[in-house]
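Worksheet: the structure to be examined is printed underneath.
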2 protein chains.
Amino acid sequence: MNIHIIGAGSLGLLYAGKLAASGCRVTLWCRSEEQADKLRASGITIEDMGQHQVVDAHTFSICSWSSFSESGGAADADYLFLMMKQQGIEEMATEMLALFGQDHRRLLCFQNGTGHLERLQGLLPMWTIYAAITTEGAKRTSSVSVLHAGQGTTTIGKMKPAGSPFDAFSQEDHEIELVKQLNRAGFEAFLSNEMEEMIYRKLLMNAVINPLTALWRIPNGELLSSPERVRLMRQLYNEGIAVYDAGGIPYGSGLWEWIVSVCQSTSGNTSSMLKDVMDGRTTEVAWINGSIVRLGQKYGVSVPTHELITQLIEGMNT
Amino acid sequence: MNIHIIGAGSLGLLYAGKLAASGCRVTLWCRSEEQADKLRASGITIEDMGQHQVVDAHTFSICSWSSFSESGGAADADYLFLMMKQQGIEEMATEMLALFGQDHRRLLCFQNGTGHLERLQGLLPMWTIYAAITTEGAKRTSSVSVLHAGQGTTTIGKMKPAGSPFDAFSQEDHEIELVKQLNRAGFEAFLSNEMEEMIYRKLLMNAVINPLTALWRIPNGELLSSPERVRLMRQLYNEGIAVYDAGGIPYGSGLWEWIVSVCQSTSGNTSSMLKDVMDGRTTEVAWINGSIVRLGQKYGVSVPTHELITQLIEGMNT
């Protein structure tokens with residue numbers, strides 16, 4: 001199986017390294033030529049449970065985005081993994097991928113938030129778009145090394161070409177092969193026909209946990225340390241659920257309990273949004289709470305807390 | 001003139017030191033016996049424009065709160081200056097001052113926010129209550145030393161015993177004498193018959209500047225560094241003005257421009273609320289934005305941004 005991974009952040013390095021080490025043909029696309037050179041020189045180092053695994057550079061291919069179109073846009077890939085944050089998608093998708101919108105490719109999108117799947121579908125009408133949700137814990141420790149901080153799961157679902165977004169369980173041969181390949185590489189992966197529910201569950205979980213940890217600069221578990229904090233979590237949660245209910249969006253049962261349990265099980269973790277704030281980077285709030293705001297507008301539900309929280313996070317690093 | 005100062009924080013030390021040095025009889029009431037002992041040993045050091053002035057302990061009296069009632073509740077004072085933050089007032093007022101509610105004293109209240117003046121008036125029916133607004137910049141650098149960071153003004157107005165809160169310009173002899181004494185000590189002080197307007201102008205200024213600087217952890221001037229930030233300031237401002245208008249609260253003209261100019265003129269300053277947050281202390285948000293929320297309830301005006309901001313600040317250190 002031939003997999004192209006676009007984006008060499010924490011998840012990109014983790015998946016590229018582990019897939020290459022398991023015998024999969026991997027091409028890793030980096031944004032910068034500088035990172036590509038470093039990877040060519042030293043390969044990828046994965047720190048996992050205190051063990052250091054170095055994946056030699058000769059076991060996979062390394063390219064930089066600038067050569068994507070001239071090298072044919074990953075025409076040989078069985079799957080493209082899109083492993084960058086939301087911020088990168090607009091630019092990258094319009095400049096790099098859209099050129100090949102009339103070809104056929106299979107694209108797995110690992111982003112949080114919502115809306116980007118539909119936009120990519122519009123931009124790449126002949127491609128098959130998959131959503132992937134991973135709970136793998138990964139932290140990039142340098143441009144060539146990643147810490148595998150926690151074992152998670154990777155859930156994959158195919159979008160329909162149009163209309164209702166997710167296909168019923170299809171299980172084509174190549175999809176089953178992809179899941180096997182991921183499992184051989186050490187990822188617990190499976191196909192799901194409840195992707196929409198999972199996406200919206202994760203969206204609201206992120207919309208409740210991330211901005212509050214970023215504003216208060218606390219690890220996830222500290223959210224539960226006072227009634228005042230839990231009350232604000234609940235306020236964000238209730239607004240989100242009102243939107244989901246108005247739009248007929250599926251979110252299953254026990255969502256609040258799951259969010260609380262995620263705070264507990266990741267109690268010492270720094271959320272990605274807090275990390276971005278502390279490092280002075282733009283956060284993903286526009287794709288997390290901003291998604292709830294846009295859904296609220298679409299379904300005529302007022303979400304003042306998500307609106308203000310989005311503004312406050314956007315005001316942090318400007 | 002005999003002045004008792006209750007509270008030995010930054011403003012308490014500055015006023016006690018400068019008044020004592022100018023020949024006024026001063027008694028400084030400290031919350032802790034420990035601070036009282038240190039002050040008795042070393043006096044007050046005031047750093048002003050790079051100069052260090054040490055006010056010897058024998059030039060003023062130092063007591064701790066625990067002896068307030070047994071020593072007669074400052075019966076000999078021409079004026080009591082109440083120079084503690086809002087947080088301290090409830091406890092101190094009910095435990096210490098209320099015992100002497102049937103006596104006559106003159107009390108100058110230096111707190112931000114609103115509501116405490118009316119409560120003190122209820123608790124101390126025979127006292128004359130003054131509001132004082134100072135823009136002196138003071139920063140406590142130890143329990144016995146203070147940095148005079150900026151020259152300001154001190155405006156004083158007398159509350160009526162009941163009904164409309166502020167007296168028209170009264171200028172009794174002892175009030176004129178107080179102002180003279182403050183001026184001799186180096187404070188630019190005056191009596192005002194527009195105290196209500198000043199209180200509400202300062203309240204909204206604090207409600208716009210302080211919580212945002214605390215949430216974003218930026219000095220005052222950085223509030224103006226992006227349209228996103230100014231938009232949120234304006235949102236807080238507009239909600240406040242809607243409340244003031246509904247309640248017939250006077251705030252004069254050019255209030256928004258004044259708030260912007262304060263951000264500019266204090267651009268490098270850390271707001272008191274940000275300082276409290278960084279030091280892990282309870283902030284004054286309940287008396288600043290919380291006052292706007294209570295006024296909104298009273299006058300039937302919705303202030304969702306102040307409500308949420310109050311919750312967010314209260315969630316920071318819990």
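Letters A, B, ... mark the chains of the structure tokens in the order given; residue numbers begin at 1 per chain; ligand numbers begin at 1, in order shown.
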
(request) Show me which bits of chain A are within 6 Å of chain B, counting only C-alpha atoms, as number ranges by chain. (result) A: 216, 228-229, 315-316

Output all heavy atoms of each residue in that selection to a file, as an mmCIF file, in the first residue's frame.
```
data_model
loop_
_atom_site.group_PDB
_atom_site.id
_atom_site.type_symbol
_atom_site.label_atom_id
_atom_site.label_comp_id
_atom_site.auth_asym_id
_atom_site.auth_seq_id
_atom_site.Cartn_x
_atom_site.Cartn_y
_atom_site.Cartn_z
ATOM 1 N N TRP A 216 -7.880 30.101 30.864
ATOM 2 C CA TRP A 216 -7.476 29.988 32.269
ATOM 3 C C TRP A 216 -6.046 29.445 32.426
ATOM 4 O O TRP A 216 -5.517 29.416 33.533
ATOM 5 C CB TRP A 216 -8.484 29.092 33.012
ATOM 6 C CG TRP A 216 -9.834 29.734 33.174
ATOM 7 C CD1 TRP A 216 -10.080 31.082 33.263
ATOM 8 C CD2 TRP A 216 -11.116 29.082 33.269
ATOM 9 N NE1 TRP A 216 -11.439 31.295 33.410
ATOM 10 C CE2 TRP A 216 -12.091 30.096 33.419
ATOM 11 C CE3 TRP A 216 -11.520 27.755 33.252
ATOM 12 C CZ2 TRP A 216 -13.451 29.812 33.550
ATOM 13 C CZ3 TRP A 216 -12.885 27.477 33.383
ATOM 14 C CH2 TRP A 216 -13.835 28.493 33.528
ATOM 15 N N GLU A 228 -17.652 26.996 39.617
ATOM 16 C CA GLU A 228 -17.677 28.106 38.671
ATOM 17 C C GLU A 228 -17.182 27.651 37.301
ATOM 18 O O GLU A 228 -17.732 28.022 36.270
ATOM 19 C CB GLU A 228 -16.772 29.265 39.141
ATOM 20 C CG GLU A 228 -17.285 30.024 40.348
ATOM 21 C CD GLU A 228 -16.954 29.333 41.659
ATOM 22 O OE1 GLU A 228 -16.240 28.287 41.631
ATOM 23 O OE2 GLU A 228 -17.416 29.803 42.712
ATOM 24 N N ARG A 229 -16.118 26.848 37.326
ATOM 25 C CA ARG A 229 -15.560 26.393 36.048
ATOM 26 C C ARG A 229 -16.501 25.416 35.356
ATOM 27 O O ARG A 229 -16.740 25.511 34.157
ATOM 28 C CB ARG A 229 -14.189 25.754 36.288
ATOM 29 C CG ARG A 229 -13.124 26.785 36.633
ATOM 30 C CD ARG A 229 -11.778 26.134 36.908
ATOM 31 N NE ARG A 229 -10.756 27.159 37.113
ATOM 32 C CZ ARG A 229 -9.528 26.921 37.530
ATOM 33 N NH1 ARG A 229 -9.154 25.666 37.794
ATOM 34 N NH2 ARG A 229 -8.671 27.894 37.677
ATOM 35 N N GLY A 315 -8.551 37.252 20.433
ATOM 36 C CA GLY A 315 -7.878 38.455 20.915
ATOM 37 C C GLY A 315 -6.591 38.175 21.670
ATOM 38 O O GLY A 315 -5.834 39.092 21.982
ATOM 39 N N MET A 316 -6.328 36.907 21.991
ATOM 40 C CA MET A 316 -5.165 36.596 22.846
ATOM 41 C C MET A 316 -3.844 36.884 22.148
ATOM 42 O O MET A 316 -3.000 37.592 22.667
ATOM 43 C CB MET A 316 -5.205 35.136 23.302
ATOM 44 C CG MET A 316 -6.344 34.856 24.263
ATOM 45 S SD MET A 316 -6.230 33.213 25.009
ATOM 46 C CE MET A 316 -5.455 33.625 26.585
#
```

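Taking CA of Gly221 in chain B and CA of Met273 in chain A as the two end points, the separation is 24.8 Å.
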
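Minimum atom-to-atom distances from B:Gly73, B:Gly290, B:Gly9, B:Gly254 to Gln102 in chain B were compared using only C-alpha atoms, and the lowest value belongs to B:Gly73.
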
(request) Show which residues sit within 10 Å of Ile288 in chain B, as number ranges by chain. Count only C-alpha atoms, and ignore same-chain residues fewer than 4 positions away. (result) B: 86, 112-114, 202-208, 210-211, 283-284, 292-293, 306, 310

Write the residues of the selection above to a file with C-alpha atoms, as a CSV table (one decimal), in the first residue's frame.
```
chain,number,residue,atom,x,y,z
B,86,GLN,CA,-13.6,45.8,48.2
B,112,ASN,CA,-13.8,51.2,43.0
B,113,GLY,CA,-17.1,49.7,42.1
B,114,THR,CA,-20.5,50.7,43.4
B,202,LYS,CA,-14.2,55.1,36.5
B,203,LEU,CA,-16.4,52.0,37.0
B,204,LEU,CA,-17.0,51.5,33.3
B,205,MET,CA,-13.3,52.3,32.5
B,206,ASN,CA,-12.2,49.6,34.9
B,207,ALA,CA,-14.9,47.2,33.6
B,208,VAL,CA,-13.6,47.6,30.0
B,210,ASN,CA,-9.2,45.4,33.6
B,211,PRO,CA,-10.8,42.0,32.7
B,283,THR,CA,-9.8,39.8,41.8
B,284,GLU,CA,-12.1,42.7,42.1
B,292,ILE,CA,-22.5,46.5,35.8
B,293,VAL,CA,-24.3,43.1,36.0
B,306,HIS,CA,-20.1,41.5,31.4
B,310,THR,CA,-17.2,38.0,35.3
```

(message) From a backbone DSSP assignment, name each residue in range 98-209 of chain A labelled helix (DSSP H, G or I), as a count of residues only.
(response) 38

(request) Rounded to one decimal place, report the CA of Arg234 in chain A-CA of Val285 in chain B distance in Å. (result) 21.4 Å

(request) State, in Å with one decimal place, the distance from CA of Trp65 in chain B to CA of Ile3 in chain B. (result) 15.6 Å

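Proximity ranking of A:Gly152, A:Pro125, A:Pro219, A:Gly115 relative to Ser267 in chain A places A:Pro219 first, based on only C-alpha atoms.
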
(message) Using only C-alpha atoms, which protein or nucleic acid residues come within 12 Å of Gln151 in chain B? Drop anything in the same chain fewer than 3 positions from it, and give the result as a PyMOL selection string.
(response) chain B and resi 14+48-49+134-138+147-148+154+186-189

Next, write the just-selected residues to a file, as an mmCIF file, in the first residue's frame, keeping all heavy atoms as the atom set.
```cif
data_model
loop_
_atom_site.group_PDB
_atom_site.id
_atom_site.type_symbol
_atom_site.label_atom_id
_atom_site.label_comp_id
_atom_site.auth_asym_id
_atom_site.auth_seq_id
_atom_site.Cartn_x
_atom_site.Cartn_y
_atom_site.Cartn_z
ATOM 1 N N LEU B 14 1.185 54.916 50.935
ATOM 2 C CA LEU B 14 1.521 56.184 50.270
ATOM 3 C C LEU B 14 0.892 57.368 50.998
ATOM 4 O O LEU B 14 1.576 58.357 51.311
ATOM 5 C CB LEU B 14 1.039 56.138 48.814
ATOM 6 C CG LEU B 14 1.357 57.372 47.972
ATOM 7 C CD1 LEU B 14 2.844 57.463 47.675
ATOM 8 C CD2 LEU B 14 0.544 57.370 46.663
ATOM 9 N N ASP B 48 9.914 57.680 44.973
ATOM 10 C CA ASP B 48 9.185 58.636 44.146
ATOM 11 C C ASP B 48 10.176 59.277 43.194
ATOM 12 O O ASP B 48 11.124 59.918 43.627
ATOM 13 C CB ASP B 48 8.555 59.693 45.078
ATOM 14 C CG ASP B 48 7.382 60.395 44.416
ATOM 15 O OD1 ASP B 48 7.227 60.261 43.190
ATOM 16 O OD2 ASP B 48 6.638 61.070 45.139
ATOM 17 N N MET B 49 9.971 59.099 41.912
ATOM 18 C CA MET B 49 10.861 59.673 40.904
ATOM 19 C C MET B 49 12.323 59.316 41.191
ATOM 20 O O MET B 49 13.213 60.159 41.071
ATOM 21 C CB MET B 49 10.733 61.205 40.889
ATOM 22 C CG MET B 49 9.308 61.715 40.876
ATOM 23 S SD MET B 49 8.670 61.845 39.201
ATOM 24 C CE MET B 49 9.349 63.429 38.712
ATOM 25 N N THR B 134 -9.158 58.288 43.484
ATOM 26 C CA THR B 134 -7.794 58.739 43.272
ATOM 27 C C THR B 134 -7.219 58.079 42.038
ATOM 28 O O THR B 134 -7.509 56.918 41.746
ATOM 29 C CB THR B 134 -6.900 58.442 44.489
ATOM 30 O OG1 THR B 134 -5.579 58.923 44.198
ATOM 31 C CG2 THR B 134 -6.821 56.953 44.783
ATOM 32 N N THR B 135 -6.428 58.820 41.309
ATOM 33 C CA THR B 135 -5.713 58.250 40.165
ATOM 34 C C THR B 135 -4.211 58.209 40.452
ATOM 35 O O THR B 135 -3.415 58.067 39.540
ATOM 36 C CB THR B 135 -5.988 59.056 38.886
ATOM 37 O OG1 THR B 135 -5.627 60.419 39.133
ATOM 38 C CG2 THR B 135 -7.449 58.993 38.497
ATOM 39 N N GLU B 136 -3.852 58.336 41.739
ATOM 40 C CA GLU B 136 -2.439 58.174 42.097
ATOM 41 C C GLU B 136 -1.990 56.762 41.710
ATOM 42 O O GLU B 136 -2.705 55.791 41.954
ATOM 43 C CB GLU B 136 -2.231 58.347 43.613
ATOM 44 C CG GLU B 136 -2.523 59.712 44.178
ATOM 45 C CD GLU B 136 -1.522 60.783 43.735
ATOM 46 O OE1 GLU B 136 -0.435 60.427 43.230
ATOM 47 O OE2 GLU B 136 -1.852 61.975 43.873
ATOM 48 N N GLY B 137 -0.830 56.652 41.134
ATOM 49 C CA GLY B 137 -0.279 55.343 40.811
ATOM 50 C C GLY B 137 0.618 54.877 41.932
ATOM 51 O O GLY B 137 1.623 55.509 42.243
ATOM 52 N N ALA B 138 0.236 53.776 42.604
ATOM 53 C CA ALA B 138 1.028 53.301 43.738
ATOM 54 C C ALA B 138 1.188 51.796 43.634
ATOM 55 O O ALA B 138 0.243 51.087 43.286
ATOM 56 C CB ALA B 138 0.355 53.668 45.053
ATOM 57 N N LEU B 147 6.075 52.192 45.868
ATOM 58 C CA LEU B 147 6.567 52.970 44.735
ATOM 59 C C LEU B 147 5.461 53.912 44.287
ATOM 60 O O LEU B 147 4.339 53.476 44.004
ATOM 61 C CB LEU B 147 6.930 52.010 43.586
ATOM 62 C CG LEU B 147 7.257 52.637 42.234
ATOM 63 C CD1 LEU B 147 8.567 53.417 42.300
ATOM 64 C CD2 LEU B 147 7.313 51.566 41.152
ATOM 65 N N HIS B 148 5.756 55.205 44.276
ATOM 66 C CA HIS B 148 4.785 56.175 43.765
ATOM 67 C C HIS B 148 4.993 56.261 42.261
ATOM 68 O O HIS B 148 5.869 56.955 41.772
ATOM 69 C CB HIS B 148 5.012 57.537 44.438
ATOM 70 C CG HIS B 148 3.908 58.519 44.160
ATOM 71 N ND1 HIS B 148 4.045 59.862 44.349
ATOM 72 C CD2 HIS B 148 2.645 58.341 43.709
ATOM 73 C CE1 HIS B 148 2.912 60.477 44.031
ATOM 74 N NE2 HIS B 148 2.057 59.574 43.636
ATOM 75 N N THR B 154 -6.951 63.397 43.484
ATOM 76 C CA THR B 154 -7.861 62.788 44.444
ATOM 77 C C THR B 154 -9.111 63.662 44.530
ATOM 78 O O THR B 154 -9.018 64.835 44.882
ATOM 79 C CB THR B 154 -7.188 62.687 45.833
ATOM 80 O OG1 THR B 154 -5.985 61.931 45.695
ATOM 81 C CG2 THR B 154 -8.117 61.997 46.824
ATOM 82 N N GLY B 186 1.274 66.743 49.235
ATOM 83 C CA GLY B 186 1.720 66.455 47.867
ATOM 84 C C GLY B 186 0.661 65.795 46.995
ATOM 85 O O GLY B 186 0.969 65.361 45.885
ATOM 86 N N PHE B 187 -0.560 65.729 47.510
ATOM 87 C CA PHE B 187 -1.638 65.167 46.689
ATOM 88 C C PHE B 187 -2.461 66.299 46.075
ATOM 89 O O PHE B 187 -2.820 67.242 46.778
ATOM 90 C CB PHE B 187 -2.555 64.269 47.534
ATOM 91 C CG PHE B 187 -1.850 63.100 48.133
ATOM 92 C CD1 PHE B 187 -1.518 63.080 49.485
ATOM 93 C CD2 PHE B 187 -1.488 62.016 47.340
ATOM 94 C CE1 PHE B 187 -0.847 62.004 50.045
ATOM 95 C CE2 PHE B 187 -0.825 60.923 47.900
ATOM 96 C CZ PHE B 187 -0.502 60.922 49.255
ATOM 97 N N GLU B 188 -2.747 66.155 44.809
ATOM 98 C CA GLU B 188 -3.603 67.151 44.176
ATOM 99 C C GLU B 188 -5.056 66.748 44.445
ATOM 100 O O GLU B 188 -5.579 65.850 43.796
ATOM 101 C CB GLU B 188 -3.309 67.188 42.680
ATOM 102 C CG GLU B 188 -3.863 68.411 41.970
ATOM 103 C CD GLU B 188 -3.562 68.371 40.484
ATOM 104 O OE1 GLU B 188 -2.412 68.110 40.098
ATOM 105 O OE2 GLU B 188 -4.507 68.565 39.712
ATOM 106 N N ALA B 189 -5.674 67.405 45.442
ATOM 107 C CA ALA B 189 -7.000 66.971 45.888
ATOM 108 C C ALA B 189 -8.006 68.091 45.727
ATOM 109 O O ALA B 189 -7.646 69.267 45.797
ATOM 110 C CB ALA B 189 -6.943 66.545 47.353
#
```
